[in-house]
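Structure file final03.pdb; described as PDB, C-alpha atoms.
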```pdb
MODEL        1
ATOM      1  CA  MET T   1       8.246 -12.792   5.260
ATOM      2  CA  TYR T   2      11.646 -12.144   6.784
ATOM      3  CA  PRO T   3      15.214 -12.193   5.479
ATOM      4  CA  TYR T   4      17.080 -15.305   6.538
ATOM      5  CA  TYR T   5      19.807 -13.331   8.310
ATOM      6  CA  SER T   6      17.138 -11.844  10.590
ATOM      7  CA  ILE T   7      15.751 -15.286  11.388
ATOM      8  CA  ILE T   8      19.130 -16.782  12.275
ATOM      9  CA  ASN T   9      20.006 -13.802  14.458
ATOM     10  CA  GLU T  10      16.983 -14.713  16.557
ATOM     11  CA  SER T  11      17.751 -18.438  16.651
ATOM     12  CA  LYS T  12      21.542 -18.095  17.130
ATOM     13  CA  TYR T  13      22.090 -20.282  14.085
ATOM     14  CA  ASP T  14      25.663 -19.806  12.877
ATOM     15  CA  LYS T  15      25.653 -20.640   9.152
ATOM     16  CA  ASN T  16      25.725 -18.942   5.759
ATOM     17  CA  THR T  17      23.556 -15.865   6.193
ATOM     18  CA  GLY T  18      21.452 -16.113   3.043
ATOM     19  CA  PHE T  19      23.295 -13.603   0.829
ATOM     20  CA  HIS T  20      24.495 -14.591  -2.636
ATOM     21  CA  SER T  21      26.832 -12.138  -4.324
ATOM     22  CA  PHE T  22      27.087 -12.246  -8.126
ATOM     23  CA  ARG T  23      27.465 -10.241 -11.340
ATOM     24  CA  PHE T  24      25.175 -10.100 -14.356
ATOM     25  CA  SER T  25      26.585 -10.775 -17.828
ATOM     26  CA  TRP T  26      25.439  -7.304 -18.921
ATOM     27  CA  SER T  27      26.821  -5.296 -15.982
ATOM     28  CA  HIS T  28      30.071  -4.734 -14.101
ATOM     29  CA  ASP T  29      28.201  -3.865 -10.895
ATOM     30  CA  THR T  30      27.963  -6.227  -7.939
ATOM     31  CA  TYR T  31      24.537  -7.634  -7.102
ATOM     32  CA  VAL T  32      23.259  -9.617  -4.143
ATOM     33  CA  ALA T  33      20.354 -12.059  -3.843
ATOM     34  CA  ILE T  34      18.814 -12.017  -0.341
ATOM     35  CA  GLU T  35      16.736 -14.982   0.849
ATOM     36  CA  TYR T  36      13.307 -14.278   2.367
ATOM     37  CA  TYR T  37      11.135 -16.899   4.059
ATOM     38  CA  CYS T  38       7.620 -17.014   5.491
ATOM     39  CA  THR T  39       7.711 -17.307   9.300
ATOM     40  CA  ASN T  40       4.013 -17.975   9.909
ATOM     41  CA  PRO T  41       3.785 -21.309  11.826
ATOM     42  CA  GLU T  42       0.322 -21.933  10.347
ATOM     43  CA  CYS T  43       1.495 -21.524   6.758
ATOM     44  CA  LYS T  44       2.562 -24.645   4.845
ATOM     45  CA  CYS T  45       4.068 -22.812   1.864
ATOM     46  CA  LYS T  46       7.290 -24.167   0.374
ATOM     47  CA  SER T  47       8.901 -21.246  -1.363
ATOM     48  CA  VAL T  48      11.665 -18.685  -1.066
ATOM     49  CA  ILE T  49      11.721 -15.087  -2.274
ATOM     50  CA  LEU T  50      15.079 -13.798  -3.532
ATOM     51  CA  HIS T  51      15.355 -10.012  -3.378
ATOM     52  CA  ILE T  52      17.799  -8.860  -6.037
ATOM     53  CA  ASP T  53      19.715  -5.752  -4.959
ATOM     54  CA  ARG T  54      22.380  -3.755  -6.785
ATOM     55  CA  VAL T  55      25.298  -2.656  -4.625
ATOM     56  CA  THR T  56      26.047   0.980  -5.422
ATOM     57  CA  PRO T  57      29.590   2.446  -5.448
ATOM     58  CA  SER T  58      28.839   4.118  -2.094
ATOM     59  CA  GLY T  59      28.057   0.744  -0.491
ATOM     60  CA  THR T  60      24.287   1.110  -0.228
ATOM     61  CA  THR T  61      21.847  -1.116  -2.105
ATOM     62  CA  GLU T  62      19.128  -0.496  -4.657
ATOM     63  CA  ASN T  63      16.433  -3.119  -5.050
ATOM     64  CA  ILE T  64      15.729  -4.020  -8.678
ATOM     65  CA  GLY T  65      13.195  -6.811  -8.177
ATOM     66  CA  TYR T  66      12.668 -10.304  -6.845
ATOM     67  CA  ILE T  67      12.418 -13.975  -7.835
ATOM     68  CA  SER T  68       9.964 -16.449  -6.300
ATOM     69  CA  LEU T  69      11.097 -20.099  -6.225
ATOM     70  CA  SER T  70       9.334 -23.265  -5.114
ATOM     71  CA  ILE T  71      11.228 -25.620  -2.804
ATOM     72  CA  PRO T  72      12.679 -28.243  -3.210
ATOM     73  CA  ASP T  73      12.468 -28.312  -7.029
ATOM     74  CA  PHE T  74      13.668 -24.670  -7.408
ATOM     75  CA  LYS T  75      11.085 -24.005 -10.077
ATOM     76  CA  VAL T  76      10.810 -20.302 -10.919
ATOM     77  CA  GLU T  77       7.284 -19.170  -9.961
ATOM     78  CA  GLU T  78       7.581 -15.452 -10.688
ATOM     79  CA  ILE T  79      10.128 -12.831 -11.709
ATOM     80  CA  LYS T  80       9.223  -9.235 -10.985
ATOM     81  CA  ALA T  81      11.298  -6.124 -11.743
ATOM     82  CA  LYS T  82      10.922  -2.840  -9.887
ATOM     83  CA  HIS T  83      11.514  -0.856 -13.079
ATOM     84  CA  LYS T  84      10.030  -3.038 -15.816
ATOM     85  CA  ALA T  85      11.445  -1.069 -18.721
ATOM     86  CA  VAL T  86      14.981  -1.328 -17.350
ATOM     87  CA  TYR T  87      15.206  -4.693 -15.617
ATOM     88  CA  GLN T  88      12.330  -7.055 -16.460
ATOM     89  CA  SER T  89      13.742  -8.499 -19.680
ATOM     90  CA  LYS T  90      17.234  -8.714 -18.159
ATOM     91  CA  LEU T  91      16.018 -10.558 -15.056
ATOM     92  CA  ASN T  92      13.993 -12.911 -17.252
ATOM     93  CA  LYS T  93      17.048 -13.603 -19.400
ATOM     94  CA  GLU T  94      19.267 -14.351 -16.406
ATOM     95  CA  PHE T  95      16.850 -16.352 -14.220
ATOM     96  CA  LYS T  96      14.071 -17.771 -16.419
ATOM     97  CA  GLN T  97      15.874 -21.115 -16.564
ATOM     98  CA  GLY T  98      16.679 -21.090 -12.860
ATOM     99  CA  ILE T  99      19.247 -19.898 -10.341
ATOM    100  CA  PRO T 100      22.958 -20.809 -10.105
ATOM    101  CA  GLU T 101      23.511 -24.390  -8.967
ATOM    102  CA  GLU T 102      25.881 -23.296  -6.196
ATOM    103  CA  TRP T 103      23.065 -21.390  -4.448
ATOM    104  CA  LYS T 104      20.734 -24.370  -4.206
ATOM    105  CA  PRO T 105      22.378 -26.362  -1.351
ATOM    106  CA  TYR T 106      22.386 -23.278   0.872
ATOM    107  CA  ILE T 107      18.776 -22.348   0.067
ATOM    108  CA  LEU T 108      17.580 -25.914   0.632
ATOM    109  CA  GLU T 109      19.381 -26.046   3.993
ATOM    110  CA  HIS T 110      17.954 -22.665   5.019
ATOM    111  CA  SER T 111      14.451 -23.621   3.927
ATOM    112  CA  ASN T 112      14.574 -26.795   6.021
ATOM    113  CA  HIS T 113      15.913 -24.811   8.971
ATOM    114  CA  VAL T 114      13.080 -22.274   8.765
ATOM    115  CA  ARG T 115      10.558 -25.109   8.533
ATOM    116  CA  GLU T 116      12.008 -26.613  11.730
ATOM    117  CA  LEU T 117      11.737 -23.270  13.498
ATOM    118  CA  LYS T 118       8.128 -22.855  12.325
ATOM    119  CA  SER T 119       7.273 -26.234  13.834
ATOM    120  CA  VAL T 120       8.176 -24.823  17.267
ATOM    121  CA  ARG T 121       6.377 -21.521  16.522
ATOM    122  CA  LEU T 122       9.082 -19.108  15.461
ATOM    123  CA  PRO T 123       8.642 -15.854  17.470
ATOM    124  CA  ALA T 124       8.081 -13.622  14.446
ATOM    125  CA  ASP T 125       7.211 -10.570  16.578
ATOM    126  CA  SER T 126      10.797 -10.352  17.804
ATOM    127  CA  LEU T 127      12.390 -10.535  14.355
ATOM    128  CA  GLN T 128      13.768  -7.263  13.088
ATOM    129  CA  GLU T 129      14.836  -6.232   9.596
ATOM    130  CA  THR T 130      18.316  -4.758   9.461
ATOM    131  CA  LYS T 131      18.445  -1.244   8.062
ATOM    132  CA  GLY T 132      21.580  -0.037   6.329
ATOM    133  CA  SER T 133      23.859  -0.881   3.464
ATOM    134  CA  LEU T 134      22.818  -4.540   3.149
ATOM    135  CA  LEU T 135      19.075  -4.026   2.864
ATOM    136  CA  THR T 136      16.939  -1.034   2.001
ATOM    137  CA  THR T 137      13.740  -2.769   0.831
ATOM    138  CA  SER T 138      10.936  -3.971   3.106
ATOM    139  CA  ALA T 139       8.778  -7.113   3.055
ATOM    140  CA  LEU T 140       5.664  -8.027   4.985
ATOM    141  CA  HIS T 141       5.758 -11.275   6.928
ATOM    142  CA  SER T 142       2.494 -13.134   6.419
ATOM    143  CA  ARG T 143       0.972 -14.233   9.697
ATOM    144  CA  SER T 144      -2.357 -14.371  11.454
ATOM    145  CA  TYR T 145      -3.421 -12.349  14.487
ATOM    146  CA  GLU T 146      -5.762 -12.899  17.390
ATOM    147  CA  PRO T 147      -8.879 -10.698  17.354
ATOM    148  CA  MET T 148      -9.002  -7.964  19.957
ATOM    149  CA  SER T 149     -11.805  -7.712  22.488
ATOM    150  CA  MET T 150     -14.696  -5.970  20.769
ATOM    151  CA  PRO T 151     -18.523  -5.975  20.686
ATOM    152  CA  SER T 152     -20.344  -8.531  18.562
ATOM    153  CA  ILE T 153     -20.328  -7.728  14.848
ATOM    154  CA  ASP T 154     -23.667  -7.322  13.055
ATOM    155  CA  LEU T 155     -22.850  -8.749   9.634
ATOM    156  CA  GLU T 156     -26.248  -7.783   8.239
ATOM    157  CA  LYS T 157     -25.660  -4.082   8.881
ATOM    158  CA  THR T 158     -21.869  -4.043   8.410
ATOM    159  CA  PRO T 159     -20.618  -7.017   6.351
ATOM    160  CA  THR T 160     -17.299  -5.314   5.483
ATOM    161  CA  MET T 161     -14.848  -4.193   8.145
ATOM    162  CA  GLY T 162     -11.238  -3.103   8.405
ATOM    163  CA  TYR T 163      -8.594  -5.635   9.412
ATOM    164  CA  VAL T 164      -7.224  -3.185  11.991
ATOM    165  CA  GLU T 165     -10.761  -2.677  13.415
ATOM    166  CA  VAL T 166     -11.045  -6.378  14.189
ATOM    167  CA  PHE T 167      -7.466  -7.251  15.140
ATOM    168  CA  GLY T 168      -6.265  -4.005  16.701
ATOM    169  CA  GLU T 169      -3.572  -1.406  16.088
ATOM    170  CA  SER T 170      -0.775  -3.914  16.785
ATOM    171  CA  VAL T 171      -1.084  -5.521  13.343
ATOM    172  CA  ASP T 172       1.590  -4.788  10.758
ATOM    173  CA  GLN T 173      -0.049  -2.264   8.473
ATOM    174  CA  LEU T 174       1.001  -2.016   4.841
ATOM    175  CA  VAL T 175       3.066   1.146   4.398
ATOM    176  CA  PHE T 176       5.524   1.953   1.616
ATOM    177  CA  THR T 177       7.229   4.982   0.103
ATOM    178  CA  HIS T 178       6.790   6.164  -3.479
ATOM    179  CA  GLY T 179       8.047   9.388  -5.006
ATOM    180  CA  GLY T 180       9.043  10.678  -1.588
ATOM    181  CA  ASN T 181       5.520  10.159  -0.225
ATOM    182  CA  LYS T 182       4.497   7.624   2.404
ATOM    183  CA  ILE T 183       1.510   5.524   1.352
ATOM    184  CA  LEU T 184      -0.703   3.561   3.747
ATOM    185  CA  VAL T 185      -2.748   0.681   2.330
ATOM    186  CA  ASP T 186      -5.831   0.117   4.493
ATOM    187  CA  GLU T 187      -7.335  -3.386   4.297
ATOM    188  CA  GLN T 188     -11.047  -4.169   4.439
ATOM    189  CA  TYR T 189     -12.745  -7.519   3.943
ATOM    190  CA  CYS T 190     -16.270  -8.913   3.648
ATOM    191  CA  MET T 191     -16.863 -11.039   6.757
ATOM    192  CA  LYS T 192     -20.058 -12.810   5.681
ATOM    193  CA  PRO T 193     -19.271 -16.557   5.624
ATOM    194  CA  SER T 194     -21.654 -17.067   2.698
ATOM    195  CA  CYS T 195     -19.694 -14.643   0.490
ATOM    196  CA  ASP T 196     -16.846 -16.148  -1.537
ATOM    197  CA  CYS T 197     -15.512 -12.950  -3.121
ATOM    198  CA  ARG T 198     -11.862 -13.949  -2.479
ATOM    199  CA  GLN T 199     -10.591 -10.391  -2.402
ATOM    200  CA  GLY T 200      -9.565  -7.613  -0.072
ATOM    201  CA  LEU T 201     -10.624  -4.010  -0.518
ATOM    202  CA  LEU T 202      -7.406  -1.971  -0.393
ATOM    203  CA  THR T 203      -7.587   1.791   0.061
ATOM    204  CA  PHE T 204      -4.380   3.619  -0.846
ATOM    205  CA  VAL T 205      -3.952   6.694   1.370
ATOM    206  CA  GLN T 206      -1.154   9.246   1.008
ATOM    207  CA  LEU T 207      -0.019  10.228   4.498
ATOM    208  CA  GLU T 208       0.524  13.960   4.746
ATOM    209  CA  PRO T 209       1.037  15.854   8.033
ATOM    210  CA  GLY T 210      -2.461  16.368   9.401
ATOM    211  CA  LYS T 211      -4.118  15.631   6.050
ATOM    212  CA  PRO T 212      -4.271  11.987   4.853
ATOM    213  CA  THR T 213      -5.534  11.847   1.258
ATOM    214  CA  SER T 214      -7.297   8.812  -0.240
ATOM    215  CA  LYS T 215      -5.962   8.000  -3.709
ATOM    216  CA  PHE T 216      -8.075   5.040  -4.814
ATOM    217  CA  VAL T 217      -9.688   1.764  -3.748
ATOM    218  CA  VAL T 218      -9.023  -1.560  -5.474
ATOM    219  CA  GLY T 219     -10.393  -5.048  -5.020
ATOM    220  CA  TYR T 220      -7.210  -7.139  -4.724
ATOM    221  CA  SER T 221      -7.504 -10.852  -5.497
ATOM    222  CA  THR T 222      -6.383 -13.421  -2.912
ATOM    223  CA  HIS T 223      -5.540 -16.131  -5.454
ATOM    224  CA  LYS T 224      -3.897 -14.287  -8.332
ATOM    225  CA  ARG T 225      -1.926 -11.080  -8.733
ATOM    226  CA  SER T 226      -4.719  -8.942 -10.132
ATOM    227  CA  TYR T 227      -7.012  -6.161  -9.013
ATOM    228  CA  SER T 228     -10.134  -4.270 -10.064
ATOM    229  CA  VAL T 229     -10.620  -0.538  -9.551
ATOM    230  CA  VAL T 230     -13.496   0.268  -7.184
ATOM    231  CA  GLU T 231     -12.995   4.017  -6.742
ATOM    232  CA  ASN T 232     -10.345   6.301  -8.226
ATOM    233  CA  TYR T 233      -9.503   9.838  -7.091
ATOM    234  CA  THR T 234      -6.288  10.166  -9.081
ATOM    235  CA  THR T 235      -4.984   9.464 -12.593
ATOM    236  CA  ASN T 236      -4.843   5.957 -14.045
ATOM    237  CA  LYS T 237      -1.092   6.351 -14.466
ATOM    238  CA  GLU T 238      -0.527   7.165 -10.786
ATOM    239  CA  LEU T 239      -2.832   4.326  -9.757
ATOM    240  CA  GLU T 240      -0.827   1.827 -11.807
ATOM    241  CA  GLU T 241       2.473   3.206 -10.501
ATOM    242  CA  LEU T 242       1.363   2.990  -6.879
ATOM    243  CA  VAL T 243       0.083  -0.572  -7.233
ATOM    244  CA  ALA T 244       3.367  -1.586  -8.922
ATOM    245  CA  ALA T 245       5.401   0.073  -6.150
ATOM    246  CA  PHE T 246       3.207  -1.634  -3.544
ATOM    247  CA  GLU T 247       3.751  -5.088  -5.074
ATOM    248  CA  THR T 248       7.495  -4.461  -5.253
ATOM    249  CA  ALA T 249       7.629  -3.392  -1.608
ATOM    250  CA  TYR T 250       5.582  -6.437  -0.558
ATOM    251  CA  PRO T 251       6.391  -9.363  -2.909
ATOM    252  CA  ALA T 252       4.350 -11.804  -0.800
ATOM    253  CA  VAL T 253       1.317  -9.533  -0.565
ATOM    254  CA  ARG T 254      -1.046 -11.987  -2.293
ATOM    255  CA  ARG T 255      -0.341 -14.599   0.382
ATOM    256  CA  THR T 256      -0.740 -11.954   3.090
ATOM    257  CA  ILE T 257      -4.087 -10.776   1.707
ATOM    258  CA  SER T 258      -5.221 -14.398   1.488
ATOM    259  CA  ASN T 259      -4.268 -15.024   5.137
ATOM    260  CA  HIS T 260      -6.066 -11.878   6.282
ATOM    261  CA  TYR T 261      -9.126 -12.795   4.210
ATOM    262  CA  ASP T 262      -9.246 -16.169   5.988
ATOM    263  CA  ASP T 263      -8.823 -14.443   9.370
ATOM    264  CA  MET T 264     -11.781 -12.154   8.706
ATOM    265  CA  LYS T 265     -14.010 -14.974   7.427
ATOM    266  CA  ARG T 266     -13.198 -16.937  10.563
ATOM    267  CA  GLU T 267     -14.253 -13.989  12.710
ATOM    268  CA  GLY T 268     -17.375 -13.604  10.596
ATOM    269  CA  LYS T 269     -18.323 -17.212  11.319
ATOM    270  CA  ARG T 270     -17.695 -16.612  15.024
ATOM    271  CA  ALA T 271     -19.878 -13.482  15.035
ATOM    272  CA  MET T 272     -22.692 -15.279  13.210
ATOM    273  CA  LEU T 273     -22.510 -18.252  15.598
ATOM    274  CA  GLU T 274     -22.611 -15.930  18.619
ATOM    275  CA  LYS T 275     -25.709 -14.194  17.216
ATOM    276  CA  GLN T 276     -27.456 -17.521  16.583
ATOM    277  CA  GLN T 277     -26.616 -18.719  20.092
ATOM    278  CA  SER T 278     -27.892 -15.437  21.544
ATOM    279  CA  VAL T 279     -31.208 -15.728  19.676
ATOM    280  CA  THR T 280     -31.578 -19.369  20.757
ATOM    281  CA  ALA T 281     -30.810 -18.532  24.382
ATOM    282  CA  SER T 282     -33.248 -15.616  24.325
ATOM    283  CA  SER T 283     -36.030 -17.805  22.914
ATOM    284  CA  ALA T 284     -35.300 -20.550  25.439
ATOM    285  CA  SER T 285     -35.531 -18.088  28.319
ATOM    286  CA  LEU T 286     -39.131 -17.047  27.492
ATOM    287  CA  PRO T 287     -41.751 -18.647  29.762
ATOM    288  CA  GLY T 288     -44.546 -20.769  28.314
ATOM    289  CA  ARG T 289     -47.897 -19.094  27.531
ATOM    290  CA  ASN T 290     -49.538 -20.536  30.654
ATOM    291  CA  ASP T 291     -46.496 -20.108  32.917
ATOM    292  CA  PRO T 292     -46.322 -17.280  35.501
ATOM    293  CA  CYS T 293     -44.959 -14.138  33.871
ATOM    294  CA  SER T 294     -41.318 -13.485  34.696
ATOM    295  CA  CYS T 295     -42.065  -9.844  35.563
ATOM    296  CA  GLY T 296     -43.568 -10.935  38.915
ATOM    297  CA  SER T 297     -47.129  -9.811  38.252
ATOM    298  CA  SER T 298     -48.532 -13.249  39.231
ATOM    299  CA  LYS T 299     -50.438 -13.281  35.932
ATOM    300  CA  LYS T 300     -49.951 -15.878  33.233
ATOM    301  CA  TYR T 301     -47.398 -14.889  30.611
ATOM    302  CA  LYS T 302     -50.073 -14.847  27.857
ATOM    303  CA  LYS T 303     -52.154 -12.377  29.891
ATOM    304  CA  CYS T 304     -49.214 -10.148  30.741
ATOM    305  CA  CYS T 305     -45.942  -9.484  28.890
ATOM    306  CA  GLY T 306     -46.730 -12.115  26.302
ATOM    307  CA  SER T 307     -50.017 -10.588  25.263
ATOM    308  CA  VAL T 308     -50.398  -9.066  21.802
ATOM    309  CA  GLY T 309     -49.511  -5.374  21.633
ATOM    310  CA  VAL T 310     -47.489  -5.345  24.870
TER     311      VAL T 310
ENDMDL
END
```
Kindly return the structure encoded in the file as structure tokens.
Amino acid sequence: MYPYYSIINESKYDKNTGFHSFRFSWSHDTYVAIEYYCTNPECKCKSVILHIDRVTPSGTTENIGYISLSIPDFKVEEIKAKHKAVYQSKLNKEFKQGIPEEWKPYILEHSNHVRELKSVRLPADSLQETKGSLLTTSALHSRSYEPMSMPSIDLEKTPTMGYVEVFGESVDQLVFTHGGNKILVDEQYCMKPSCDCRQGLLTFVQLEPGKPTSKFVVGYSTHKRSYSVVENYTTNKELEELVAAFETAYPAVRRTISNHYDDMKREGKRAMLEKQQSVTASSASLPGRNDPCSCGSSKKYKKCCGSVGV
């Protein structure tokens, strides 16, 4: 997903930039809601993510959470606070019944505009997030990639593979910062078409100079915001904190994981079809038992290479 101001910079669309400044009833600080939209041309989702940022006295911003809304009915799908103890109840109180009416015409117009751009394949690769006082949080745009050139995959020996292994280093890897440490989330998926696990295996790795350290592995659901612990090399508290920080950094991660899951299953089907075609072609190329052997010996196939024990 991308902020609307980044999308309109690319398309030269000169309208309201997708920022909504406001104040909460319980605070004198200024806050801003920033519109985020999915730019994947293949995705038919109809929703907007509003990042809620607090503007600090120094002019920078601090993200406190996000709101997910369906379009065009503006139904609140999810409210998530970065610091639950501080902001969750307050965000629920302010937005549980919906967003301010004056925001809706702008959001509806922007949503329609993004949908028009998606219909002509919005060049998401060229979109850039602005760094600075207006935005300090990051969000992953959900999109699909083309597989890189690689040998055929043997799904019987290796049913699970990394997303980067199949689609190359150019993919947008999931990286976020927590407690001053940079965390990489490596994605792996089961590629067997017959498996309907509907999850991605996410390995959380702390990136240290010359010494990456695996923290834990979770099975992250593609259809609901939940996970199961597969392996854990840290404390339960740190695991929960890292997953919460990850979901805050990437509010649309469930949709992204779902898209990547579908990508990998598609490649699994391709690999299985290629193997079946290879076996069929190999069988078809064998000469009949009474045909001349293909090795050039002038003997019948059954008396030469096709004989038992040869």
Fill in: Within 7 Å of segment 234-237 of chain T using only C-alpha atoms, minus same-chain residues under 4 positions, as JSON, numbers by chain
{"T": [215, 216, 241]}
Worksheet item: On this structure, which residues satisfy the PyMOL selection byres ((chain T and resi 188) around 7), written as a PyMOL selection string?
Response: chain T and resi 160-163+186-187+189+200-202
Item to complete: Report as a ChimeraX atom specification the residues that result from applying the PyMOL selection byres ((chain T and resi 94) around 12) to the structure here.
Response: /T:22-27,52,67,76,79,87-93,95-100
Excluding Asn63 of chain T and any residue of its chain fewer than 2 positions from it, enumerate the residues within 10 Å of it, using all atoms listed in the file, and give them as a tab-separated table (two decimals) with C-alpha atoms, in the frame of the given file.
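That gives us out.tsv:
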```
chain	number	residue	atom	x	y	z
T	31	TYR	CA	24.54	-7.63	-7.10
T	32	VAL	CA	23.26	-9.62	-4.14
T	33	ALA	CA	20.35	-12.06	-3.84
T	51	HIS	CA	15.36	-10.01	-3.38
T	52	ILE	CA	17.80	-8.86	-6.04
T	53	ASP	CA	19.72	-5.75	-4.96
T	54	ARG	CA	22.38	-3.76	-6.78
T	55	VAL	CA	25.30	-2.66	-4.62
T	61	THR	CA	21.85	-1.12	-2.10
T	65	GLY	CA	13.20	-6.81	-8.18
T	66	TYR	CA	12.67	-10.30	-6.84
T	81	ALA	CA	11.30	-6.12	-11.74
T	82	LYS	CA	10.92	-2.84	-9.89
T	83	HIS	CA	11.51	-0.86	-13.08
T	135	LEU	CA	19.08	-4.03	2.86
T	136	THR	CA	16.94	-1.03	2.00
T	137	THR	CA	13.74	-2.77	0.83
T	138	SER	CA	10.94	-3.97	3.11
T	248	THR	CA	7.50	-4.46	-5.25
T	249	ALA	CA	7.63	-3.39	-1.61
```
Discussion item. Ranking T:Phe246, T:Tyr106, T:Met191, T:Ser228 by minimum distance to Phe204 of chain T and counting all atoms listed in the file, which one comes first?
Written reply: T:Phe246
Worksheet item: Could you pull the residues within 12 Å of Gly180 of chain T, counting only C-alpha atoms, minus those fewer than 3 positions along the same chain, as JSON, numbers by chain?
Response: {"T": [176, 177, 183, 206, 207, 208]}
Could you turn the residues from that selection into a file that holds C-alpha atoms, as a PDB file, keeping the file's coordinate frame?
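Final output, saved to selection.pdb:
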```pdb
ATOM      1  CA  PHE T 176       5.524   1.953   1.616  1.00  0.00           C
ATOM      2  CA  THR T 177       7.229   4.982   0.103  1.00  0.00           C
ATOM      3  CA  ILE T 183       1.510   5.524   1.352  1.00  0.00           C
ATOM      4  CA  GLN T 206      -1.154   9.246   1.008  1.00  0.00           C
ATOM      5  CA  LEU T 207      -0.019  10.228   4.498  1.00  0.00           C
ATOM      6  CA  GLU T 208       0.524  13.960   4.746  1.00  0.00           C
TER       7      GLU T 208
END
```
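Here the PyMOL selection byres ((chain T and resi 37) around 8) matches the residues Met1, Tyr2, Pro3, Tyr4, Glu35, Tyr36, Cys38, Thr39, Ser47, Val48, Ile49, Ser111 and Val114 of chain T.
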Item to complete: Counting all atoms listed in the file, select every polymer residue within 10 Å of (-16.2, -19.2, 2.2) as defined in the file's coordinates, and provide the selection as a VMD selection string.
Response: chain T and resid 191 to 198 261 to 262 265 to 266 269
